[in-house]
>>> print(open('query-v8.cif').read())   # mmCIF, C-alpha atoms and all ligand atoms
data_protein
#
loop_
_atom_site.label_atom_id
_atom_site.label_comp_id
_atom_site.auth_asym_id
_atom_site.auth_seq_id
_atom_site.Cartn_x
_atom_site.Cartn_y
_atom_site.Cartn_z
CA MET S 1 146.16 138.54 48.54
CA ASN S 2 148.61 137.01 51.00
CA ASP S 3 149.16 133.28 50.88
CA PHE S 4 148.62 132.65 54.57
CA LEU S 5 145.51 132.28 56.69
CA ILE S 6 144.92 134.39 59.79
CA SER S 7 142.57 133.10 62.48
CA VAL S 8 141.04 135.63 64.82
CA VAL S 9 139.66 134.19 68.05
CA VAL S 10 137.09 136.28 69.94
CA PRO S 11 135.80 135.11 73.35
CA CYS S 12 132.28 136.44 73.84
CA TYR S 13 130.36 136.47 77.08
CA ASN S 14 127.21 138.59 76.80
CA GLU S 15 128.62 140.73 74.00
CA ALA S 16 125.59 140.88 71.65
CA GLU S 17 125.88 144.63 71.12
CA ASN S 18 129.61 144.59 70.53
CA ILE S 19 129.94 141.73 68.02
CA PRO S 20 128.51 143.48 64.90
CA VAL S 21 130.64 146.59 65.51
CA LEU S 22 133.76 144.52 66.12
CA LEU S 23 133.16 142.45 62.98
CA ASN S 24 132.73 145.58 60.88
CA ARG S 25 135.99 147.05 62.10
CA MET S 26 137.69 143.70 61.65
CA LYS S 27 136.47 143.36 58.06
CA ASN S 28 137.77 146.82 57.18
CA THR S 29 141.09 146.13 58.85
CA LEU S 30 141.65 142.69 57.37
CA GLU S 31 140.61 143.51 53.82
CA GLY S 32 143.07 141.92 51.42
CA TYR S 33 144.05 139.24 53.94
CA CYS S 34 142.84 135.68 53.94
CA TYR S 35 141.22 135.18 57.34
CA GLU S 36 138.71 133.33 59.49
CA ILE S 37 137.03 134.65 62.62
CA ILE S 38 136.11 132.24 65.41
CA LEU S 39 133.55 133.62 67.86
CA VAL S 40 133.54 131.62 71.09
CA ASN S 41 130.25 132.02 72.92
CA ASP S 42 131.15 131.34 76.53
CA GLY S 43 127.66 130.48 77.81
CA SER S 44 126.17 133.94 77.21
CA THR S 45 122.75 134.64 78.64
CA ASP S 46 121.97 137.61 76.36
CA PRO S 47 121.19 137.36 72.60
CA THR S 48 124.89 136.77 71.73
CA GLN S 49 124.07 133.40 70.14
CA GLN S 50 121.32 134.87 67.95
CA VAL S 51 123.73 137.57 66.75
CA ILE S 52 126.40 134.93 66.08
CA ASP S 53 123.91 132.77 64.13
CA ILE S 54 123.03 135.71 61.90
CA VAL S 55 126.56 136.93 61.21
CA SER S 56 127.94 133.44 60.60
CA LEU S 57 125.19 132.68 58.08
CA LYS S 58 126.02 135.85 56.15
CA ASP S 59 129.77 135.29 55.99
CA SER S 60 131.41 131.89 55.66
CA ARG S 61 134.65 133.24 57.14
CA ILE S 62 132.91 133.55 60.48
CA SER S 63 132.58 130.39 62.51
CA TYR S 64 131.60 129.85 66.11
CA LEU S 65 131.87 127.54 69.09
CA SER S 66 129.20 127.74 71.78
CA PHE S 67 129.94 126.37 75.20
CA SER S 68 127.44 124.37 77.23
CA LYS S 69 127.87 126.90 80.07
CA ASN S 70 130.20 129.69 81.13
CA PHE S 71 133.71 128.21 81.34
CA GLY S 72 135.60 131.48 81.54
CA HIS S 73 137.75 133.70 79.37
CA GLN S 74 140.86 131.49 79.41
CA ALA S 75 138.90 128.37 78.39
CA ALA S 76 137.24 130.34 75.58
CA LEU S 77 140.65 131.44 74.29
CA LYS S 78 141.94 127.86 74.40
CA ALA S 79 138.87 126.55 72.55
CA GLY S 80 139.38 129.11 69.80
CA ILE S 81 143.10 128.33 69.50
CA ASP S 82 142.35 124.56 69.51
CA HIS S 83 140.01 124.93 66.54
CA ALA S 84 141.85 127.62 64.55
CA LYS S 85 143.23 126.60 61.18
CA GLY S 86 145.35 129.67 60.50
CA ASN S 87 149.11 130.02 60.02
CA CYS S 88 148.89 132.57 62.78
CA ILE S 89 146.21 133.11 65.38
CA VAL S 90 145.18 136.42 66.94
CA THR S 91 143.17 136.56 70.17
CA ILE S 92 141.19 139.72 70.85
CA ASP S 93 138.36 140.71 73.22
CA ALA S 94 134.89 141.36 71.88
CA ASP S 95 134.35 144.63 73.71
CA LEU S 96 136.53 146.81 71.42
CA GLN S 97 138.77 147.90 74.29
CA LYS S 98 141.54 146.47 72.14
CA PRO S 99 141.47 148.02 68.67
CA PRO S 100 141.48 145.43 65.83
CA GLU S 101 143.36 148.01 63.70
CA VAL S 102 146.55 146.90 65.50
CA ILE S 103 146.34 143.41 63.96
CA PRO S 104 148.16 144.27 60.66
CA GLU S 105 151.11 145.64 62.68
CA MET S 106 151.16 142.37 64.63
CA ILE S 107 151.17 140.44 61.37
CA VAL S 108 154.19 142.44 60.15
CA LEU S 109 156.08 141.53 63.32
CA TRP S 110 155.09 137.89 62.82
CA GLN S 111 156.32 137.99 59.23
CA GLU S 112 159.61 139.37 60.52
CA GLY S 113 160.06 136.10 62.40
CA ASN S 114 158.40 136.63 65.80
CA ASP S 115 156.40 133.64 67.02
CA ILE S 116 154.47 135.49 69.73
CA VAL S 117 153.45 139.14 69.47
CA THR S 118 151.83 140.47 72.64
CA ALA S 119 149.96 143.76 72.51
CA VAL S 120 150.34 145.86 75.61
CA SER S 121 148.13 148.83 76.44
CA LYS S 122 150.23 151.94 76.86
CA ASN S 123 147.58 153.86 78.76
CA GLN S 124 146.79 150.86 80.99
CA GLY S 125 143.08 151.34 80.31
CA GLN S 126 142.14 151.05 83.97
CA PRO S 127 140.32 154.15 85.14
CA LEU S 128 140.84 153.22 88.80
CA VAL S 129 144.22 154.13 90.32
CA LEU S 130 143.82 151.36 92.92
CA LYS S 131 143.17 148.71 90.23
CA ARG S 132 146.19 149.95 88.26
CA TRP S 133 148.40 149.83 91.31
CA THR S 134 147.27 146.37 92.46
CA SER S 135 147.69 145.04 88.92
CA SER S 136 151.23 146.44 88.75
CA VAL S 137 152.18 144.89 92.12
CA TYR S 138 150.56 141.60 91.11
CA TYR S 139 152.60 141.31 87.90
CA LYS S 140 155.80 142.08 89.79
CA VAL S 141 155.06 139.39 92.40
CA LEU S 142 153.99 136.92 89.72
CA SER S 143 157.10 137.48 87.61
CA TRP S 144 159.26 136.98 90.70
CA LEU S 145 157.40 133.81 91.70
CA ALA S 146 157.49 132.42 88.19
CA ASP S 147 161.19 133.15 87.68
CA HIS S 148 160.40 134.60 84.28
CA GLN S 149 158.99 137.91 83.21
CA ILE S 150 155.22 137.98 82.79
CA VAL S 151 154.25 140.74 80.39
CA LYS S 152 152.47 143.43 82.38
CA ASN S 153 149.15 144.62 80.94
CA GLY S 154 149.41 141.99 78.21
CA ALA S 155 145.76 141.14 78.61
CA ASP S 156 145.44 138.28 76.13
CA PHE S 157 145.57 140.43 72.99
CA ARG S 158 148.25 138.62 71.06
CA LEU S 159 149.27 136.91 67.89
CA ILE S 160 150.79 133.43 67.96
CA ASP S 161 152.38 131.33 65.27
CA ARG S 162 150.92 127.97 64.23
CA LYS S 163 153.62 126.03 66.08
CA VAL S 164 152.84 127.84 69.34
CA ALA S 165 149.11 127.18 68.84
CA ASP S 166 149.89 123.46 68.45
CA ILE S 167 151.67 123.51 71.80
CA ILE S 168 148.73 125.24 73.49
CA ARG S 169 146.38 122.68 71.94
CA ASP S 170 148.43 119.86 73.42
CA ILE S 171 148.34 121.30 76.93
CA LYS S 172 145.59 119.41 78.69
CA THR S 173 144.75 121.27 81.84
CA GLU S 174 141.46 122.43 83.22
CA ASN S 175 142.98 125.55 84.75
CA LEU S 176 144.79 127.29 81.98
CA TYR S 177 146.59 130.57 82.62
CA LEU S 178 147.74 131.70 79.20
CA ARG S 179 149.78 134.71 80.34
CA GLY S 180 151.91 132.38 82.46
CA ILE S 181 152.26 129.84 79.65
CA PHE S 182 153.37 132.44 77.14
CA SER S 183 156.03 133.73 79.47
CA TRP S 184 157.28 130.19 80.12
CA ILE S 185 157.14 128.94 76.55
CA GLY S 186 160.13 130.83 75.14
CA TYR S 187 160.28 131.34 71.33
CA LYS S 188 160.93 134.66 69.67
CA GLN S 189 158.58 137.19 71.21
CA ALA S 190 157.79 140.81 70.47
CA ILE S 191 155.71 143.45 72.18
CA ILE S 192 153.60 146.05 70.50
CA CYS S 193 151.83 148.99 72.18
CA TYR S 194 148.28 150.11 71.59
CA LYS S 195 145.98 152.68 73.10
CA GLU S 196 143.21 151.02 75.04
CA GLU S 197 139.73 152.35 74.37
CA GLY S 198 136.66 152.31 76.59
CA ARG S 199 134.32 149.32 76.46
CA HIS S 200 131.96 149.82 73.52
CA ALA S 201 128.88 148.40 75.29
CA GLY S 202 128.03 146.27 78.32
CA ARG S 203 130.19 146.01 81.37
CA THR S 204 133.26 144.08 82.48
CA LYS S 205 132.76 140.38 83.29
CA TYR S 206 135.64 140.39 85.73
CA SER S 207 134.13 140.99 89.15
CA LEU S 208 136.46 141.32 92.14
CA ILE S 209 135.99 137.61 92.93
CA ASN S 210 136.73 136.60 89.31
CA MET S 211 139.84 138.76 89.36
CA LEU S 212 141.05 137.25 92.65
CA ASN S 213 140.38 133.76 91.24
CA LEU S 214 142.38 134.56 88.10
CA ALA S 215 145.17 136.04 90.23
CA SER S 216 145.31 132.99 92.50
CA ASN S 217 145.12 130.61 89.53
CA GLY S 218 147.91 132.61 87.90
CA ILE S 219 150.18 132.09 90.89
CA THR S 220 149.39 128.42 91.53
CA SER S 221 149.70 127.49 87.85
CA THR S 222 153.00 129.27 87.26
CA SER S 223 154.95 128.59 90.43
CA ILE S 224 155.40 126.30 93.43
CA LYS S 225 157.40 128.89 95.34
CA PRO S 226 154.52 129.56 97.80
CA LEU S 227 154.95 125.96 99.01
CA ARG S 228 158.61 126.61 99.69
CA PHE S 229 157.69 129.63 101.81
CA ALA S 230 156.13 127.19 104.27
CA LEU S 231 159.49 125.50 104.64
CA ALA S 232 161.33 128.80 104.96
CA ALA S 233 158.78 130.13 107.49
CA GLY S 234 158.99 126.86 109.45
CA LEU S 235 162.78 127.11 109.64
CA PHE S 236 162.60 130.75 110.67
CA PHE S 237 160.07 130.19 113.46
CA ALA S 238 161.91 127.08 114.68
CA PHE S 239 165.04 129.20 114.93
CA VAL S 240 163.19 131.95 116.86
CA ALA S 241 161.61 129.38 119.22
CA PHE S 242 164.96 127.70 119.81
CA SER S 243 166.67 131.04 120.55
CA TYR S 244 163.88 132.04 122.91
CA GLY S 245 164.07 128.66 124.69
CA LEU S 246 167.81 129.09 125.09
CA TYR S 247 167.29 132.63 126.40
CA SER S 248 164.71 131.35 128.95
CA ILE S 249 167.04 128.60 130.19
CA ILE S 250 169.88 131.07 130.65
CA MET S 251 167.56 133.50 132.48
CA VAL S 252 166.33 130.76 134.85
CA TRP S 253 169.90 129.64 135.37
CA LEU S 254 170.83 133.22 136.29
CA GLY S 255 167.96 133.19 138.81
CA LYS S 256 165.73 135.61 136.87
CA THR S 257 162.05 135.00 136.12
CA VAL S 258 160.96 134.78 132.51
CA PRO S 259 157.94 137.09 132.00
CA GLY S 260 154.38 135.93 131.65
CA TRP S 261 151.86 133.99 129.70
CA ALA S 262 150.64 136.88 127.51
CA SER S 263 153.63 136.49 125.22
CA VAL S 264 152.99 132.72 125.10
CA VAL S 265 149.34 133.20 124.10
CA ALA S 266 150.26 135.83 121.49
CA SER S 267 152.93 133.65 119.92
CA VAL S 268 150.69 130.54 119.92
CA MET S 269 147.91 132.49 118.21
CA PHE S 270 150.33 134.02 115.73
CA LEU S 271 151.82 130.66 114.85
CA SER S 272 148.36 129.05 114.53
CA GLY S 273 147.53 131.79 112.04
CA VAL S 274 150.70 131.12 110.09
CA GLN S 275 150.00 127.37 110.13
CA LEU S 276 146.45 127.84 108.87
CA MET S 277 147.69 130.14 106.12
CA VAL S 278 150.27 127.59 105.04
CA LEU S 279 147.61 124.87 105.11
CA GLY S 280 145.44 127.11 102.94
CA VAL S 281 148.24 127.48 100.39
CA ILE S 282 148.86 123.72 100.37
CA GLY S 283 145.08 123.24 100.05
CA GLU S 284 145.03 125.44 96.93
CA TYR S 285 147.59 123.19 95.28
CA ILE S 286 145.90 119.96 96.42
CA GLY S 287 142.56 121.25 95.14
CA LYS S 288 144.20 121.92 91.83
CA ILE S 289 145.77 118.46 91.68
CA TYR S 290 142.39 116.92 92.54
CA ARG S 291 140.69 118.78 89.72
CA GLU S 292 143.43 117.83 87.28
CA VAL S 293 143.33 114.11 88.09
CA THR S 294 139.63 113.98 87.33
CA HIS S 295 140.65 114.86 83.73
CA ARG S 296 137.71 117.10 83.15
CA PRO S 297 137.96 119.00 79.88
CA ALA S 298 138.60 122.76 80.04
CA TYR S 299 135.38 123.41 78.09
CA LEU S 300 132.41 121.63 76.50
CA VAL S 301 131.07 122.70 73.12
CA SER S 302 127.29 122.43 72.72
CA LYS S 303 126.97 123.93 69.24
CA THR S 304 129.38 124.82 66.45
CA ASN S 305 129.58 125.32 62.70
CA ILE S 306 133.32 124.98 62.65
CA PHE S 307 133.50 121.80 60.63
CA ARG S 308 131.87 123.42 57.63
CA PRO S 309 133.59 122.44 54.39
CA SER S 310 135.43 125.59 53.48
CA VAL S 311 136.33 129.13 54.28
CA ASN S 312 136.00 131.27 51.19
CA PRO S 313 138.83 133.77 51.45
CA LYS S 314 137.59 135.88 48.53
CA GLU S 315 134.19 136.61 50.05
CA ASN S 316 133.68 140.16 51.29
N1 LIG S 401 134.85 136.75 78.60
C1 LIG S 401 134.51 135.42 78.39
N2 LIG S 401 134.12 134.67 79.47
C2 LIG S 401 134.06 135.18 80.73
C3 LIG S 401 134.43 136.52 80.92
C4 LIG S 401 134.83 137.27 79.83
O1 LIG S 401 134.56 134.92 77.27
O2 LIG S 401 133.69 134.44 81.65
C5 LIG S 401 135.26 137.56 77.43
C6 LIG S 401 134.50 138.87 77.28
O3 LIG S 401 133.31 138.70 76.52
C7 LIG S 401 135.52 139.75 76.56
C8 LIG S 401 136.85 139.24 77.13
O4 LIG S 401 136.59 137.93 77.63
O5 LIG S 401 135.51 139.54 75.17
C9 LIG S 401 137.40 140.13 78.22
O6 LIG S 401 136.43 140.31 79.22
P1 LIG S 401 136.12 141.73 79.88
O7 LIG S 401 136.08 142.78 78.83
O8 LIG S 401 134.91 141.60 80.72
O9 LIG S 401 137.40 141.91 80.80
P2 LIG S 401 138.19 143.26 81.14
O10 LIG S 401 138.49 143.92 79.80
O11 LIG S 401 137.26 144.08 81.95
O12 LIG S 401 139.41 142.81 81.86
MG MG S 402 137.20 144.38 78.40
#
>>> encode(input="query-v8.cif", output="structure tokens")
Amino acid sequence: MNDFLISVVVPCYNEAENIPVLLNRMKNTLEGYCYEIILVNDGSTDPTQQVIDIVSLKDSRISYLSFSKNFGHQAALKAGIDHAKGNCIVTIDADLQKPPEVIPEMIVLWQEGNDIVTAVSKNQGQPLVLKRWTSSVYYKVLSWLADHQIVKNGADFRLIDRKVADIIRDIKTENLYLRGIFSWIGYKQAIICYKEEGRHAGRTKYSLINMLNLASNGITSTSIKPLRFALAAGLFFAFVAFSYGLYSIIMVWLGKTVPGWASVVASVMFLSGVQLMVLGVIGEYIGKIYREVTHRPAYLVSKTNIFRPSVNPKEN
């Protein structure tokens, strides 16, 4: 038996069918380790809570946090990390796309001195070429905007050391974007590859809208470069307008007529579009500031058994 505690955090949103299978595989994998599993029920509308109640009664190493409504994947991860007691904390999805059998390899890397071990899918998992391509472009743009490398395909399957978990716990923001935080945070990091499997049951909770929201949140929480584009675009268009004005004056001075209003209408419409886009970008940031100053918590827990007296590491 090792003398450290591993916490495994599993965000669950309508994952009733997957939880028992995941727990079985986890138990087999983590045999011989001292561990706790925290299931975070993110406002599920299927029997996830009933399943959690049953499994947590049977095994004192399993605890749970149930949210008052659906707060989202990132909030569920933060809640689990906030409440984890382990020396290291592993976050893994409930749908078995990420194999729990990789966890011992992550632990070895942690024992070798790495504070963050991110698991990256080597087969990218995405069956759709378009989704794969957009995701690859997105990570490139995001890494460039953020000025630091954001691990591509590192979809929140990672191990973090206690000290990193303490930092995450102290970050009080309603709109958390963990991938951005982990790329900004520094510390000794390692990457491990795994083969992504198909979802065991149910379907993805990330609709196109959810994905776009996560993508936009990712950009606005990691970088303020989009705001600087407004300045750069303003300078560029001012320069073009000035040059065109100068050109018109010279033409009139030379006795030539400057052609028509169509170009004026086109440029006014184009610039209105650019201005509205810039306003939209500024609006995104202001909206974010507004939400932050209201100091709303990232999640609300309606039910938990996490303050139970003890975790019995020897139980099997
Ligand atoms: N999830 C969650 N809240 C949500 C959406 C998802 O807790 O609002 C959980 C979900 O149950 C799963 C993990 O986050 O354990 C990843 O979600 P999903 O498998 O739907 O994402 P994908 O793998 O398709 O990117
Ligand atoms: Mg999944």
>>> residues_near_ligand(input="query-v8.cif", ligand="ligand LIG 401 (chain S)", cutoff="6 Å", atoms="only C-alpha atoms and all ligand atoms", output="ChimeraX atom specification")
/S:11-13,15,42,70,72-73,76,93-95,204-206
>>> write_last_selection(input="query-v8.cif", atoms="C-alpha atoms", output="PDB file, in the coordinates of the input")
ATOM      1  CA  PRO S  11     135.800 135.110  73.350  1.00  0.00           C
ATOM      2  CA  CYS S  12     132.280 136.440  73.840  1.00  0.00           C
ATOM      3  CA  TYR S  13     130.360 136.470  77.080  1.00  0.00           C
ATOM      4  CA  GLU S  15     128.620 140.730  74.000  1.00  0.00           C
ATOM      5  CA  ASP S  42     131.150 131.340  76.530  1.00  0.00           C
ATOM      6  CA  ASN S  70     130.200 129.690  81.130  1.00  0.00           C
ATOM      7  CA  GLY S  72     135.600 131.480  81.540  1.00  0.00           C
ATOM      8  CA  HIS S  73     137.750 133.700  79.370  1.00  0.00           C
ATOM      9  CA  ALA S  76     137.240 130.340  75.580  1.00  0.00           C
ATOM     10  CA  ASP S  93     138.360 140.710  73.220  1.00  0.00           C
ATOM     11  CA  ALA S  94     134.890 141.360  71.880  1.00  0.00           C
ATOM     12  CA  ASP S  95     134.350 144.630  73.710  1.00  0.00           C
ATOM     13  CA  THR S 204     133.260 144.080  82.480  1.00  0.00           C
ATOM     14  CA  LYS S 205     132.760 140.380  83.290  1.00  0.00           C
ATOM     15  CA  TYR S 206     135.640 140.390  85.730  1.00  0.00           C
TER      16      TYR S 206
END
>>> closest_residue(input="query-v8.cif", among="S:Pro297, S:Gly218, S:Gly198, S:Gly287", to="ligand MG 402 (chain S)", atoms="only C-alpha atoms and all ligand atoms")
S:Gly198
>>> residues_around(input="query-v8.cif", residues="Pro99 in chain S", least_positions_apart="4", cutoff="8 Å", atoms="all atoms listed in the file", output="number ranges by chain")
S: 194-197
>>> closest_residue(input="query-v8.cif", among="S:Thr29, S:Gln189, S:Gly245, S:Phe307", to="Gly113 in chain S", atoms="all atoms listed in the file")
S:Gln189
>>> atom_distance(input="query-v8.cif", atom1="CA of Ile54 in chain S", atom2="CA of Pro20 in chain S")
10.0 Å
>>> closest_residue(input="query-v8.cif", among="S:Thr173, S:Thr304, S:Asn18, S:Ser216", to="Val141 in chain S", atoms="all atoms listed in the file")
S:Ser216
>>> closest_residue(input="query-v8.cif", among="S:Asp46, S:Asp156, S:Asp115, S:Glu36", to="Thr91 in chain S", atoms="all atoms listed in the file")
S:Asp156
>>> closest_residue(input="query-v8.cif", among="S:Thr220, S:Ser68, S:Ser135, S:Asn213", to="Tyr299 in chain S", atoms="all atoms listed in the file")
S:Ser68
>>> atom_distance(input="query-v8.cif", atom1="CA of Glu101 in chain S", atom2="CA of Met26 in chain S")
7.4 Å
>>> residues_around(input="query-v8.cif", residues="Trp144 in chain S", least_positions_apart="5", cutoff="12 Å", atoms="all atoms listed in the file", output="PDB file with C-alpha atoms, keeping the file's coordinate frame")
ATOM      1  CA  VAL S 137     152.180 144.890  92.120  1.00  0.00           C
ATOM      2  CA  TYR S 138     150.560 141.600  91.110  1.00  0.00           C
ATOM      3  CA  TYR S 139     152.600 141.310  87.900  1.00  0.00           C
ATOM      4  CA  GLN S 149     158.990 137.910  83.210  1.00  0.00           C
ATOM      5  CA  ILE S 150     155.220 137.980  82.790  1.00  0.00           C
ATOM      6  CA  GLY S 180     151.910 132.380  82.460  1.00  0.00           C
ATOM      7  CA  ILE S 219     150.180 132.090  90.890  1.00  0.00           C
ATOM      8  CA  THR S 222     153.000 129.270  87.260  1.00  0.00           C
ATOM      9  CA  SER S 223     154.950 128.590  90.430  1.00  0.00           C
ATOM     10  CA  ILE S 224     155.400 126.300  93.430  1.00  0.00           C
ATOM     11  CA  LYS S 225     157.400 128.890  95.340  1.00  0.00           C
ATOM     12  CA  PRO S 226     154.520 129.560  97.800  1.00  0.00           C
TER      13      PRO S 226
END
>>> residues_around(input="query-v8.cif", residues="Lys288 in chain S", least_positions_apart="4", cutoff="9 Å", atoms="only C-alpha atoms", output="PyMOL selection string")
chain S and resi 175+220-221+283-284+292-293
>>> closest_residue(input="query-v8.cif", among="S:Ile37, S:Ile81, S:Cys88, S:Ala266", to="Ile19 in chain S", atoms="all atoms listed in the file")
S:Ile37
>>> residues_around(input="query-v8.cif", residues="Gln50 in chain S", least_positions_apart="3", cutoff="12 Å", atoms="all atoms listed in the file", output="list of chain:residue names")
S:Asn14, S:Glu15, S:Ala16, S:Glu17, S:Ile19, S:Pro20, S:Asn41, S:Ser44, S:Thr45, S:Asp46, S:Pro47, S:Asp53, S:Ile54, S:Val55, S:Ser56, S:Leu57, S:Tyr64, S:Ser66
>>> residues_around(input="query-v8.cif", residues="Val9 in chain S", least_positions_apart="3", cutoff="8 Å", atoms="all atoms listed in the file", output="MDAnalysis selection string")
chainID S and resid 37:40 77 80:81 84 89:92
>>> atom_distance(input="query-v8.cif", atom1="CA of Arg228 in chain S", atom2="CA of Ile209 in chain S")
26.0 Å
>>> axis_aligned_box(input="query-v8.cif", around="range 213-218 of chain S", padding_each_side="3 Å", output="AutoDock Vina command-line options")
--center_x 144.1 --center_y 133.3 --center_z 90.2 --size_x 13.5 --size_y 11.4 --size_z 10.6
